[in-house]
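Colleague: Sharing data37.cif below, mmCIF, C-alpha atoms and all ligand atoms:
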```cif
data_run
#
loop_
_atom_site.label_atom_id
_atom_site.label_comp_id
_atom_site.auth_asym_id
_atom_site.auth_seq_id
_atom_site.Cartn_x
_atom_site.Cartn_y
_atom_site.Cartn_z
CA MET A 1 -89.66 36.65 -19.39
CA SER A 2 -93.26 36.04 -18.43
CA ASN A 3 -95.78 36.46 -21.18
CA LYS A 4 -99.14 35.90 -19.60
CA LYS A 5 -101.87 37.77 -21.35
CA LYS A 6 -103.82 39.77 -18.83
CA LYS A 7 -105.39 43.06 -17.99
CA VAL A 8 -102.90 45.44 -16.51
CA ARG A 9 -103.64 48.65 -14.64
CA VAL A 10 -101.49 51.49 -15.86
CA SER A 11 -101.06 54.89 -14.26
CA PHE A 12 -100.51 57.63 -16.72
CA ARG A 13 -97.83 60.18 -16.48
CA LYS A 14 -98.85 63.79 -16.10
CA ASN A 15 -97.95 64.58 -19.68
CA ARG A 16 -100.82 62.39 -20.77
CA GLN A 17 -103.38 64.79 -19.47
CA ALA A 18 -101.96 67.92 -20.97
CA ARG A 19 -102.17 67.81 -24.73
CA THR A 20 -99.01 69.65 -25.52
CA ARG A 21 -97.07 68.75 -28.73
CA GLU A 22 -97.81 66.62 -31.11
CA SER A 23 -96.43 66.07 -34.54
CA GLY A 24 -98.91 66.76 -37.29
CA LEU A 25 -98.64 63.15 -38.25
CA THR A 26 -100.04 61.87 -34.98
CA ARG A 27 -102.87 64.37 -35.06
CA GLN A 28 -103.67 63.28 -38.55
CA PHE A 29 -103.93 59.70 -37.39
CA GLU A 30 -106.20 60.68 -34.59
CA GLN A 31 -108.45 62.48 -37.03
CA HIS A 32 -108.56 59.33 -39.10
CA GLY A 33 -109.80 57.64 -35.99
CA PHE A 34 -106.90 55.27 -35.67
CA GLU A 35 -106.71 55.83 -31.94
CA ASP A 36 -110.32 54.80 -31.62
CA ASP A 37 -109.72 51.30 -32.77
CA GLU A 38 -110.70 48.11 -31.07
CA THR A 39 -107.58 48.03 -28.96
CA THR A 40 -108.20 51.48 -27.59
CA ARG A 41 -111.78 50.68 -26.77
CA ARG A 42 -110.59 47.88 -24.57
CA GLU A 43 -108.50 50.36 -22.63
CA GLN A 44 -111.19 51.67 -20.38
CA LEU A 45 -110.68 55.05 -18.90
CA THR A 46 -111.50 55.02 -15.21
CA GLY A 47 -111.09 57.56 -12.46
CA LYS A 48 -112.14 61.08 -13.24
CA GLY A 49 -109.64 63.00 -11.14
CA GLU A 50 -106.94 64.65 -13.20
CA LEU A 51 -104.15 62.95 -11.27
CA ALA A 52 -105.77 59.57 -10.74
CA LYS A 53 -106.11 58.54 -14.35
CA LYS A 54 -105.58 54.86 -14.81
CA ARG A 55 -106.49 52.55 -17.64
CA THR A 56 -106.79 48.84 -18.04
CA VAL A 57 -104.70 47.68 -20.93
CA VAL A 58 -105.05 44.21 -22.43
CA GLY A 59 -101.69 42.81 -23.25
CA GLU A 60 -98.78 40.74 -22.11
CA GLU A 61 -97.03 41.74 -18.98
CA VAL A 62 -93.30 41.76 -19.60
CA SER A 63 -90.92 41.40 -16.72
CA ASP A 64 -87.88 41.22 -18.95
CA GLY A 65 -85.69 44.21 -18.20
CA GLU A 66 -84.39 44.38 -21.76
CA SER A 67 -87.73 45.11 -23.36
CA GLY A 68 -87.95 48.55 -21.79
CA PHE A 69 -91.69 48.06 -21.38
CA ALA A 70 -93.87 46.88 -18.57
CA VAL A 71 -96.71 45.83 -20.86
CA LEU A 72 -96.93 44.83 -24.51
CA PRO A 73 -100.34 46.00 -25.66
CA GLU A 74 -102.38 43.58 -27.71
CA VAL A 75 -102.83 44.90 -31.24
CA ASP A 76 -105.12 44.10 -34.09
CA LEU A 77 -102.57 42.39 -36.30
CA GLU A 78 -104.84 42.38 -39.34
CA ASN A 79 -104.47 46.11 -39.77
CA CYS A 80 -100.80 46.20 -38.92
CA LEU A 81 -97.59 45.57 -40.80
CA ALA A 82 -94.43 44.22 -39.22
CA GLY A 83 -91.26 46.24 -39.73
CA ARG A 84 -87.81 47.08 -38.48
CA VAL A 85 -86.78 50.56 -37.30
CA LEU A 86 -83.93 51.81 -39.50
CA GLU A 87 -83.47 55.24 -38.00
CA VAL A 88 -85.02 57.47 -35.35
CA ARG A 89 -85.35 61.18 -36.19
CA GLY A 90 -86.89 62.94 -33.23
CA LEU A 91 -90.49 61.79 -32.98
CA ILE A 92 -90.44 60.02 -36.34
CA SER A 93 -89.03 56.55 -36.93
CA ILE A 94 -88.16 55.23 -40.38
CA VAL A 95 -89.51 51.69 -40.55
CA GLN A 96 -88.73 49.12 -43.24
CA THR A 97 -91.03 46.21 -44.07
CA ALA A 98 -89.88 42.82 -45.36
CA ASP A 99 -90.52 43.92 -48.98
CA GLY A 100 -88.05 46.81 -48.53
CA LYS A 101 -90.63 49.63 -48.39
CA HIS A 102 -89.97 52.55 -46.03
CA TYR A 103 -92.59 54.25 -43.83
CA GLN A 104 -92.27 57.37 -41.69
CA CYS A 105 -93.89 56.37 -38.45
CA ALA A 106 -95.10 58.27 -35.40
CA LEU A 107 -95.61 56.55 -32.09
CA ARG A 108 -98.89 55.67 -30.46
CA ARG A 109 -99.14 57.72 -27.29
CA LEU A 110 -99.90 54.72 -25.12
CA LEU A 111 -96.43 53.34 -25.82
CA LYS A 112 -94.80 56.39 -24.30
CA THR A 113 -96.81 55.81 -21.18
CA LEU A 114 -95.90 52.15 -20.97
CA ALA A 115 -92.20 52.70 -21.52
CA THR A 116 -90.03 52.51 -18.45
CA ASP A 117 -87.31 55.03 -17.78
CA GLN A 118 -85.79 55.65 -21.17
CA ARG A 119 -84.73 58.71 -23.05
CA HIS A 120 -86.22 57.45 -26.28
CA VAL A 121 -89.01 54.95 -26.54
CA VAL A 122 -88.10 53.53 -29.95
CA ALA A 123 -84.57 52.39 -30.79
CA VAL A 124 -82.83 51.58 -34.05
CA GLY A 125 -83.25 47.86 -34.72
CA ASP A 126 -86.62 47.60 -32.96
CA ARG A 127 -89.15 45.21 -34.42
CA VAL A 128 -92.52 46.95 -34.52
CA GLN A 129 -96.14 46.52 -35.54
CA PHE A 130 -97.54 49.61 -37.21
CA ARG A 131 -100.65 50.81 -39.03
CA PRO A 132 -99.68 51.94 -42.49
CA ASP A 133 -101.23 54.91 -44.29
CA ARG A 134 -99.58 55.47 -47.67
CA ASP A 135 -95.90 56.04 -46.82
CA GLU A 136 -96.59 56.97 -43.22
CA GLY A 137 -97.56 54.91 -40.21
CA LEU A 138 -98.36 54.74 -36.53
CA ILE A 139 -96.34 52.36 -34.34
CA GLU A 140 -98.76 50.33 -32.24
CA ARG A 141 -96.40 47.96 -30.54
CA ILE A 142 -92.68 47.41 -30.02
CA GLU A 143 -91.73 43.74 -29.72
CA PRO A 144 -89.56 42.62 -26.79
CA ARG A 145 -85.91 43.27 -27.44
CA LYS A 146 -83.13 40.74 -27.48
CA GLY A 147 -79.57 42.04 -27.54
CA VAL A 148 -79.67 45.66 -26.47
CA LEU A 149 -76.76 48.05 -26.47
CA SER A 150 -77.31 50.99 -24.17
CA ARG A 151 -75.39 53.66 -22.37
CA THR A 152 -76.04 56.07 -19.58
CA SER A 153 -76.84 59.61 -20.47
CA ARG A 154 -77.71 62.00 -17.68
CA ASP A 155 -78.58 59.04 -15.47
CA ARG A 156 -81.13 57.69 -17.90
CA GLN A 157 -80.81 54.63 -20.04
CA HIS A 158 -80.31 55.43 -23.68
CA VAL A 159 -80.88 52.36 -25.83
CA LEU A 160 -78.51 52.83 -28.76
CA VAL A 161 -79.48 49.72 -30.65
CA ALA A 162 -81.94 46.86 -30.18
CA ASN A 163 -81.96 43.28 -31.45
CA VAL A 164 -78.35 42.74 -32.35
CA GLU A 165 -76.42 39.52 -31.80
CA GLN A 166 -72.93 40.68 -32.71
CA MET A 167 -70.82 43.73 -31.86
CA LEU A 168 -68.10 44.71 -34.31
CA ILE A 169 -65.61 46.64 -32.19
CA VAL A 170 -63.58 48.78 -34.59
CA SER A 171 -60.29 50.32 -33.53
CA SER A 172 -57.58 51.68 -35.80
CA ALA A 173 -53.91 50.68 -35.76
CA ALA A 174 -53.01 54.39 -36.27
CA GLU A 175 -54.72 57.77 -36.81
CA PRO A 176 -56.07 57.53 -34.13
CA ASP A 177 -53.75 55.11 -32.31
CA LEU A 178 -54.98 51.76 -31.07
CA LYS A 179 -56.84 52.14 -27.76
CA PRO A 180 -56.87 48.72 -26.04
CA HIS A 181 -58.59 50.18 -22.94
CA LEU A 182 -61.48 51.28 -25.10
CA ILE A 183 -61.66 47.82 -26.66
CA ASP A 184 -61.85 46.41 -23.11
CA ARG A 185 -64.79 48.68 -22.31
CA PHE A 186 -66.68 47.59 -25.39
CA LEU A 187 -65.92 43.95 -24.54
CA VAL A 188 -67.41 44.40 -21.07
CA ALA A 189 -70.48 46.05 -22.59
CA ALA A 190 -70.82 43.14 -25.06
CA GLU A 191 -70.40 40.53 -22.31
CA GLN A 192 -73.01 42.26 -20.20
CA ALA A 193 -75.46 42.56 -23.08
CA LYS A 194 -74.70 38.95 -24.13
CA ILE A 195 -73.79 40.14 -27.62
CA LYS A 196 -70.93 38.33 -29.39
CA PRO A 197 -67.97 40.67 -29.83
CA VAL A 198 -65.67 40.68 -32.87
CA ILE A 199 -62.58 42.88 -32.69
CA CYS A 200 -61.65 44.59 -35.92
CA ILE A 201 -58.39 46.52 -36.22
CA ASN A 202 -58.59 48.84 -39.22
CA LYS A 203 -55.98 50.95 -41.07
CA ILE A 204 -53.43 48.12 -40.96
CA ASP A 205 -52.00 49.70 -44.14
CA LEU A 206 -50.59 52.55 -42.02
CA ILE A 207 -48.32 50.44 -39.80
CA ASP A 208 -45.97 47.49 -39.58
CA PRO A 209 -48.30 44.91 -38.02
CA GLY A 210 -45.48 43.03 -36.23
CA PRO A 211 -45.52 44.85 -32.88
CA LEU A 212 -49.32 44.63 -32.74
CA GLN A 213 -49.36 40.84 -32.52
CA ALA A 214 -48.78 40.62 -28.75
CA THR A 215 -51.83 42.77 -28.02
CA ILE A 216 -53.91 40.83 -30.53
CA GLY A 217 -52.72 37.56 -28.96
CA VAL A 218 -54.14 38.56 -25.58
CA TYR A 219 -57.62 38.90 -27.09
CA ALA A 220 -57.34 35.85 -29.31
CA GLN A 221 -56.33 33.72 -26.30
CA MET A 222 -59.55 34.64 -24.56
CA GLY A 223 -61.45 33.36 -27.59
CA TYR A 224 -62.39 36.72 -29.12
CA PRO A 225 -62.15 36.79 -32.91
CA VAL A 226 -59.71 39.49 -34.08
CA LEU A 227 -59.53 40.72 -37.68
CA GLN A 228 -56.78 42.96 -39.03
CA VAL A 229 -58.28 44.87 -41.93
CA SER A 230 -57.90 47.88 -44.17
CA ALA A 231 -60.82 49.68 -45.76
CA THR A 232 -58.30 51.37 -48.07
CA THR A 233 -56.43 48.34 -49.44
CA GLY A 234 -59.23 45.80 -48.97
CA LEU A 235 -57.10 43.55 -46.72
CA ASN A 236 -59.22 40.81 -45.08
CA LEU A 237 -62.49 42.44 -46.10
CA SER A 238 -63.84 39.14 -47.41
CA ARG A 239 -63.30 37.64 -43.96
CA LEU A 240 -65.12 40.58 -42.42
CA ARG A 241 -67.97 40.15 -44.91
CA ASP A 242 -68.24 36.47 -43.94
CA MET A 243 -68.45 37.40 -40.25
CA LEU A 244 -71.36 39.75 -40.95
CA ASP A 245 -73.20 37.40 -43.30
CA HIS A 246 -76.75 36.59 -42.08
CA CYS A 247 -76.04 38.29 -38.78
CA GLN A 248 -77.56 41.25 -36.94
CA SER A 249 -74.55 43.36 -35.98
CA VAL A 250 -73.70 46.75 -34.59
CA VAL A 251 -70.47 48.61 -35.34
CA VAL A 252 -68.92 50.54 -32.45
CA GLY A 253 -65.71 52.47 -31.98
CA GLN A 254 -64.16 55.87 -31.57
CA SER A 255 -64.78 58.58 -34.16
CA GLY A 256 -62.39 58.41 -37.11
CA VAL A 257 -61.38 54.73 -36.85
CA GLY A 258 -63.14 53.99 -40.15
CA LYS A 259 -66.46 52.36 -39.21
CA SER A 260 -68.38 53.93 -42.10
CA SER A 261 -65.43 53.42 -44.49
CA LEU A 262 -65.45 49.68 -43.71
CA LEU A 263 -69.18 49.41 -44.34
CA ASN A 264 -68.82 51.31 -47.63
CA ALA A 265 -66.02 48.94 -48.63
CA ILE A 266 -67.93 45.74 -47.92
CA GLU A 267 -71.25 46.94 -49.36
CA PRO A 268 -70.77 48.76 -52.67
CA GLY A 269 -73.25 51.53 -53.35
CA LEU A 270 -73.91 52.32 -49.71
CA GLY A 271 -72.36 55.80 -49.88
CA LEU A 272 -72.10 56.48 -46.13
CA ARG A 273 -70.48 59.77 -45.31
CA VAL A 274 -66.81 59.54 -44.25
CA GLY A 275 -64.80 62.26 -42.47
CA SER A 276 -61.15 63.08 -42.06
CA VAL A 277 -59.06 62.71 -38.94
CA SER A 278 -57.27 65.79 -37.61
CA ARG A 279 -53.48 65.49 -37.97
CA GLU A 280 -52.82 67.42 -34.74
CA THR A 281 -55.37 65.97 -32.35
CA GLN A 282 -55.70 62.52 -34.03
CA LYS A 283 -59.42 62.89 -33.52
CA GLY A 284 -62.26 62.08 -35.88
CA LYS A 285 -64.93 64.63 -36.66
CA HIS A 286 -68.01 62.71 -35.56
CA THR A 287 -69.10 62.39 -39.16
CA THR A 288 -71.82 59.83 -38.49
CA THR A 289 -74.32 61.55 -36.19
CA THR A 290 -77.15 59.05 -35.80
CA ALA A 291 -77.28 55.28 -35.56
CA ARG A 292 -78.66 53.73 -38.72
CA LEU A 293 -79.66 50.19 -39.61
CA ILE A 294 -78.40 49.00 -42.99
CA SER A 295 -79.55 45.85 -44.81
CA LEU A 296 -76.63 43.97 -46.34
CA ALA A 297 -76.93 42.25 -49.71
CA SER A 298 -75.61 39.08 -48.03
CA GLY A 299 -78.74 38.89 -45.90
CA GLY A 300 -77.59 40.47 -42.66
CA PHE A 301 -78.27 43.77 -40.98
CA ILE A 302 -75.69 46.11 -39.55
CA VAL A 303 -76.03 49.30 -37.54
CA ASP A 304 -73.53 52.08 -38.17
CA THR A 305 -73.19 54.24 -35.06
CA PRO A 306 -71.67 57.63 -34.30
CA GLY A 307 -68.26 57.50 -32.63
CA ILE A 308 -68.97 57.19 -28.95
CA ARG A 309 -67.16 59.79 -26.89
CA GLN A 310 -67.42 58.13 -23.53
CA PHE A 311 -68.92 54.78 -23.15
CA ALA A 312 -70.51 54.82 -19.73
CA LEU A 313 -71.63 51.40 -18.69
CA TRP A 314 -75.25 50.94 -17.85
CA ASP A 315 -76.05 49.17 -14.61
CA VAL A 316 -72.65 47.61 -14.08
CA THR A 317 -71.68 47.62 -10.44
CA SER A 318 -68.07 47.54 -9.30
CA GLU A 319 -68.63 43.96 -8.12
CA GLU A 320 -69.87 42.84 -11.51
CA VAL A 321 -66.87 44.06 -13.48
CA ALA A 322 -64.60 41.06 -12.71
CA GLY A 323 -67.26 38.64 -13.94
CA LEU A 324 -67.40 40.47 -17.28
CA PHE A 325 -63.64 40.08 -17.88
CA ARG A 326 -63.19 36.67 -19.49
CA ASP A 327 -59.59 36.38 -18.26
CA ILE A 328 -60.31 37.46 -14.68
CA ARG A 329 -63.59 35.58 -14.16
CA PRO A 330 -62.03 32.10 -13.62
CA LEU A 331 -59.54 33.46 -11.04
CA VAL A 332 -62.05 35.07 -8.68
CA ALA A 333 -62.96 31.85 -6.87
CA LEU A 334 -59.30 31.30 -6.00
CA CYS A 335 -58.91 34.50 -3.94
CA ARG A 336 -58.72 34.17 -0.16
CA PHE A 337 -61.59 36.55 0.55
CA PRO A 338 -64.94 35.89 -1.09
CA ASP A 339 -65.53 39.66 -1.41
CA CYS A 340 -62.04 40.34 -2.79
CA THR A 341 -61.95 43.44 -5.00
CA HIS A 342 -58.58 42.32 -6.47
CA THR A 343 -57.09 45.73 -5.78
CA HIS A 344 -55.41 45.68 -2.34
CA GLU A 345 -56.19 42.36 -0.65
CA ALA A 346 -53.69 39.70 0.42
CA ASP A 347 -53.76 36.29 -1.26
CA CYS A 348 -55.51 37.60 -4.33
CA ALA A 349 -55.39 35.16 -7.25
CA VAL A 350 -55.92 37.99 -9.74
CA LYS A 351 -52.97 40.03 -8.51
CA SER A 352 -50.70 37.01 -8.27
CA SER A 353 -51.62 36.09 -11.85
CA VAL A 354 -50.51 39.55 -12.96
CA ALA A 355 -47.26 39.12 -11.00
CA ASP A 356 -46.37 35.83 -12.68
CA GLY A 357 -47.49 36.99 -16.13
CA ARG A 358 -50.51 34.70 -16.57
CA LEU A 359 -52.83 37.71 -16.62
CA ASP A 360 -51.98 40.59 -18.92
CA ALA A 361 -50.97 43.63 -16.83
CA ARG A 362 -52.69 46.03 -19.24
CA ARG A 363 -55.98 44.13 -18.99
CA TYR A 364 -55.68 44.27 -15.20
CA GLU A 365 -55.22 48.04 -15.44
CA SER A 366 -58.41 48.26 -17.50
CA TYR A 367 -60.20 46.24 -14.85
CA CYS A 368 -59.07 48.65 -12.10
CA HIS A 369 -60.28 51.68 -14.08
CA MET A 370 -63.64 50.15 -14.82
CA ARG A 371 -64.10 49.08 -11.21
CA GLU A 372 -63.67 52.70 -10.18
CA ASP A 373 -66.24 53.80 -12.74
CA GLY A 374 -68.76 51.12 -11.80
CA LYS A 375 -71.73 51.91 -9.61
CA ASP A 376 -71.52 51.12 -5.90
N1 LIG B 401 -55.23 54.77 -44.30
C1 LIG B 401 -56.48 54.40 -44.05
N2 LIG B 401 -57.42 55.33 -43.80
C2 LIG B 401 -58.67 54.91 -43.55
C3 LIG B 401 -59.02 53.54 -43.53
N3 LIG B 401 -60.33 53.46 -43.22
C4 LIG B 401 -60.78 54.71 -43.06
N4 LIG B 401 -59.80 55.61 -43.26
C5 LIG B 401 -59.91 57.08 -43.18
O1 LIG B 401 -60.25 57.43 -41.84
C6 LIG B 401 -61.08 58.60 -41.82
C7 LIG B 401 -62.31 58.37 -40.96
O2 LIG B 401 -63.15 57.42 -41.55
P1 LIG B 401 -64.71 57.24 -41.20
O3 LIG B 401 -65.17 56.03 -41.94
O4 LIG B 401 -65.45 58.50 -41.40
O5 LIG B 401 -64.64 56.93 -39.64
P2 LIG B 401 -65.85 56.61 -38.63
O6 LIG B 401 -65.34 55.59 -37.68
O7 LIG B 401 -67.07 56.25 -39.39
O8 LIG B 401 -66.01 58.00 -37.87
P3 LIG B 401 -67.33 58.68 -37.19
O9 LIG B 401 -68.45 58.56 -38.17
O10 LIG B 401 -66.89 60.08 -36.96
O11 LIG B 401 -67.57 57.94 -35.93
C8 LIG B 401 -61.36 58.91 -43.29
O12 LIG B 401 -60.49 59.93 -43.70
C9 LIG B 401 -61.05 57.62 -44.01
O13 LIG B 401 -60.67 57.83 -45.33
C10 LIG B 401 -57.98 52.56 -43.79
O14 LIG B 401 -58.18 51.35 -43.77
N5 LIG B 401 -56.75 53.07 -44.02
MG MG B 402 -68.97 57.07 -39.42
ZN ZN B 403 -58.75 38.91 -5.63
#
```
Would you kindly transcribe this structure into structure tokens?
Ligand SMILES: Nc1nc2c(ncn2[C@@H]2O[C@H](COP(=O)(O)OP(=O)(O)OP(=O)(O)O)[C@@H](O)[C@H]2O)c(=O)[nH]1
Ligand SMILES: [Mg+2]
Ligand SMILES: [Zn+2]

Modeller:
Amino acid sequence: MSNKKKKVRVSFRKNRQARTRESGLTRQFEQHGFEDDETTRREQLTGKGELAKKRTVVGEEVSDGESGFAVLPEVDLENCLAGRVLEVRGLISIVQTADGKHYQCALRRLLKTLATDQRHVVAVGDRVQFRPDRDEGLIERIEPRKGVLSRTSRDRQHVLVANVEQMLIVSSAAEPDLKPHLIDRFLVAAEQAKIKPVICINKIDLIDPGPLQATIGVYAQMGYPVLQVSATTGLNLSRLRDMLDHCQSVVVGQSGVGKSSLLNAIEPGLGLRVGSVSRETQKGKHTTTTARLISLASGGFIVDTPGIRQFALWDVTSEEVAGLFRDIRPLVALCRFPDCTHTHEADCAVKSSVADGRLDARRYESYCHMREDGKD
């Protein structure tokens, strides 16, 4: 990331000229003159033509793809508070400050202009600077993100969560059945985002755990931590609590596997809504509908997320998939062809490892599926 402070020319999108929307909150701030602050004055408006509007913004140019912004505008920190975005509800973000106070914040219009191609400008987990006004606020700046979980939605990047270091991948042993291919997808997403994955198999109370150990062994051998837990009986919940202690984590997994139940069980008083799983379809009811950041009494933060229907990978090309599989990555250099896809080629170290049992055949199957889904 480069963080040279400089003046940056910014072209505005068309929607900047037409004053359509805005939430009453933003208008209220404008009436209070908050947009006419020192920072705004330094953004000189040049070019009178409707389509040629450009401004010079003083700030840091960010080349880091994860931040989602081209420029971080300089803000007057004296009038701002630092906070963390707990939840995004349409145009309003709920921001929490270090003392635990909550503010309903709108977004400074400039930020929408500076944001690169994203469906939402603010994401749960974002660290922001905002101008407070009683229990409301105006977000002036979003700090660069580290550890972003995103997915593709109608060809646009949708940042689900920002600033997390750990991904708790929850699957259930039954109701719905364990889905190792889905675990593999989340692992690839975690590897790509450089977020540490922890696999958590819930509802152990519903099965005899014996037959599960081979599958668990495959993951454990690659160095991934695997916990077998039950939100109902409390099995291994203290171990889970220890894993989350002082950590910024995100919980992911199919609907109905018990993500919210586990959080309720490790953090008494949380009261997250929990839904039933249909007996016939074995499907959850998408009870959690929006991602939400929760502060844990132990000092960490965790984001509960809605069950993700299909987890499309963002920006993973077919060629990159092998490098994101911990068990396949070391074999790639041993293939005869440097551009081996490990699907049909002769003298392929990946395929021969499947044949002699060194590479798990089910993991290889996951690889083949994800290669097909990857971008060309
Ligand atoms: N037997 C058993 N049932 C559980 C356990 N954990 C959760 N459940 C049940 O599983 C169902 C779904 O739980 P939720 O916590 O709502 O699942 P979720 O993963 O948050 O689902 P979404 O919010 O829809 O993504 C509920 O009926 C829970 O009571 C467990 O350890 N054992
Ligand atoms: Mg839930
Ligand atoms: Zn190969």

Colleague: Could you give me the residues within 6 Å of ligand MG 402 (chain B), counting all atoms listed in the file, as an NGL selection string?

Modeller: :A and (259-260 or 274 or 287-288 or 306)

Colleague: For chain A against ligand LIG 401 (chain B), with a cut-off of 7 Å and counting only C-alpha atoms and all ligand atoms, what is the closest atom pair and its distance in Å to one decimal for every residue that makes the cut, ordered by chain and number, as JSON lines?

Modeller:
```
{"residue": "A:Asn202", "atom": "CA", "partner": "B:LIG401", "partner_atom": "O14", "distance": 5.2}
{"residue": "A:Lys203", "atom": "CA", "partner": "B:LIG401", "partner_atom": "O14", "distance": 3.5}
{"residue": "A:Ile204", "atom": "CA", "partner": "B:LIG401", "partner_atom": "O14", "distance": 6.4}
{"residue": "A:Asp205", "atom": "CA", "partner": "B:LIG401", "partner_atom": "N5", "distance": 5.8}
{"residue": "A:Leu206", "atom": "CA", "partner": "B:LIG401", "partner_atom": "N1", "distance": 5.6}
{"residue": "A:Val229", "atom": "CA", "partner": "B:LIG401", "partner_atom": "O14", "distance": 6.7}
{"residue": "A:Ser230", "atom": "CA", "partner": "B:LIG401", "partner_atom": "O14", "distance": 3.5}
{"residue": "A:Ala231", "atom": "CA", "partner": "B:LIG401", "partner_atom": "O14", "distance": 3.7}
{"residue": "A:Thr232", "atom": "CA", "partner": "B:LIG401", "partner_atom": "O14", "distance": 4.3}
{"residue": "A:Thr233", "atom": "CA", "partner": "B:LIG401", "partner_atom": "O14", "distance": 6.7}
{"residue": "A:Gly253", "atom": "CA", "partner": "B:LIG401", "partner_atom": "O6", "distance": 6.5}
{"residue": "A:Gln254", "atom": "CA", "partner": "B:LIG401", "partner_atom": "O11", "distance": 5.9}
{"residue": "A:Ser255", "atom": "CA", "partner": "B:LIG401", "partner_atom": "O11", "distance": 3.4}
{"residue": "A:Gly256", "atom": "CA", "partner": "B:LIG401", "partner_atom": "O5", "distance": 3.7}
{"residue": "A:Val257", "atom": "CA", "partner": "B:LIG401", "partner_atom": "O6", "distance": 4.1}
{"residue": "A:Gly258", "atom": "CA", "partner": "B:LIG401", "partner_atom": "O5", "distance": 3.3}
{"residue": "A:Lys259", "atom": "CA", "partner": "B:LIG401", "partner_atom": "O6", "distance": 3.7}
{"residue": "A:Ser260", "atom": "CA", "partner": "B:LIG401", "partner_atom": "O7", "distance": 3.8}
{"residue": "A:Ser261", "atom": "CA", "partner": "B:LIG401", "partner_atom": "O3", "distance": 3.7}
{"residue": "A:Leu262", "atom": "CA", "partner": "B:LIG401", "partner_atom": "N3", "distance": 6.4}
{"residue": "A:Arg273", "atom": "CA", "partner": "B:LIG401", "partner_atom": "O4", "distance": 6.5}
{"residue": "A:Val274", "atom": "CA", "partner": "B:LIG401", "partner_atom": "O4", "distance": 3.3}
{"residue": "A:Gly275", "atom": "CA", "partner": "B:LIG401", "partner_atom": "O4", "distance": 4.0}
{"residue": "A:Ser276", "atom": "CA", "partner": "B:LIG401", "partner_atom": "O12", "distance": 3.6}
{"residue": "A:Val277", "atom": "CA", "partner": "B:LIG401", "partner_atom": "C6", "distance": 5.4}
{"residue": "A:Gly284", "atom": "CA", "partner": "B:LIG401", "partner_atom": "O10", "distance": 5.2}
{"residue": "A:Lys285", "atom": "CA", "partner": "B:LIG401", "partner_atom": "O10", "distance": 5.0}
{"residue": "A:His286", "atom": "CA", "partner": "B:LIG401", "partner_atom": "O10", "distance": 3.2}
{"residue": "A:Thr287", "atom": "CA", "partner": "B:LIG401", "partner_atom": "O10", "distance": 3.9}
{"residue": "A:Thr288", "atom": "CA", "partner": "B:LIG401", "partner_atom": "O9", "distance": 3.6}
{"residue": "A:Thr289", "atom": "CA", "partner": "B:LIG401", "partner_atom": "O9", "distance": 6.9}
{"residue": "A:Thr305", "atom": "CA", "partner": "B:LIG401", "partner_atom": "O11", "distance": 6.8}
{"residue": "A:Pro306", "atom": "CA", "partner": "B:LIG401", "partner_atom": "O11", "distance": 4.4}
{"residue": "A:Gly307", "atom": "CA", "partner": "B:LIG401", "partner_atom": "O11", "distance": 3.4}
```

Colleague: Please, which residues have at least one atom within 7 Å of an atom of ligand ZN 403 (chain B), using only C-alpha atoms and all ligand atoms, listed as a PyMOL selection string?

Modeller: chain A and resi 332+335+340-342+345+348-351

Colleague: One number please: atom CA of A:Asp76 to atom CA of A:Glu140, in Å, one decimal.

Modeller: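 That distance, rounded to one decimal, is 9.1 Å.
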
Colleague: Looking at A:Glu372, A:Pro180, A:Ala346, A:Gly83, which one is nearest to A:Val218, with distances taken over all atoms listed in the file?

Modeller: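 The shortest atom-to-atom distance to A:Val218 comes from A:Pro180.
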
Colleague: Enumerate, as a VMD selection string, the protein, DNA and RNA residues whose atoms approach (-88.2, 46.8, -37.4) to within 6 Å, taking into account all atoms listed in the file and the coordinate frame of the file.

Modeller: chain A and resid 83 to 85 95 125 to 128

Colleague: Separation of atom CA of A:Arg329 and atom CA of A:Ser150, in Å?

Modeller: 22.9 Å

Colleague: Just the number, please: distance in Å from atom CA of A:His181 to atom CA of A:His120, one decimal.

Modeller: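 Calculated distance between atom CA of A:His181 and atom CA of A:His120 is 28.8 Å.
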
Colleague: Could you put an axis-aligned box around every listed atom of stretch 231-236 of chain A, padded by 4 Å on each side, and send me its centre and edge lengths in Å to one decimal, as lines of an AutoDock Vina configuration file?

Modeller:
```
center_x = -58.6
center_y = 46.1
center_z = -47.3
size_x = 12.4
size_y = 18.6
size_z = 12.4
```

Colleague: So, counting only C-alpha atoms, which residue among A:Ala123, A:Gly59, A:Leu244, A:Val75 is closest to A:Gly90?

Modeller: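 The closest residue to A:Gly90 is A:Ala123.
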
Colleague: Smallest atom-to-atom distance to A:Cys247: which of A:Leu272, A:His158, A:Met222, A:Val164, using all atoms listed in the file?

Modeller: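 Using all atoms listed in the file, the shortest distance to A:Cys247 belongs to A:Val164.
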
Colleague: For A:Gln282, which residue among A:Met167, A:Cys368, A:Leu178, A:Val88 is the nearest when counting only C-alpha atoms?

Modeller: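 Looking only at the distances to A:Gln282, the closest residue turns out to be A:Leu178.
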
Colleague: With distances taken over all atoms listed in the file, which of A:Ser171, A:Gln166, A:Ala220, A:Leu72 is nearest to A:Pro197?

Modeller: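 Closest candidate: A:Gln166.
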
Colleague: Counting only C-alpha atoms, figure out which residue out of A:Ala214, A:Ser295, A:Leu168, A:Ser353 gets nearest to A:Gly100.

Modeller: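 Among A:Ala214, A:Ser295, A:Leu168, A:Ser353, it is A:Ser295 that comes nearest to A:Gly100.
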
Colleague: What would stretch 288-292 of chain A look like if you wrote it out as a compact mmCIF listing (two decimals), in the first residue's frame, with C-alpha atoms included, from the block I just posted?

Modeller:
```txt
# COMPACT_ATOMS: atom_id res chain seq x y z
CA THR A 288 -30.22 -14.18 10.30
CA THR A 289 -30.74 -11.69 7.47
CA THR A 290 -27.96 -9.15 7.89
CA ALA A 291 -24.35 -9.40 8.98
CA ARG A 292 -23.84 -7.96 12.44
```
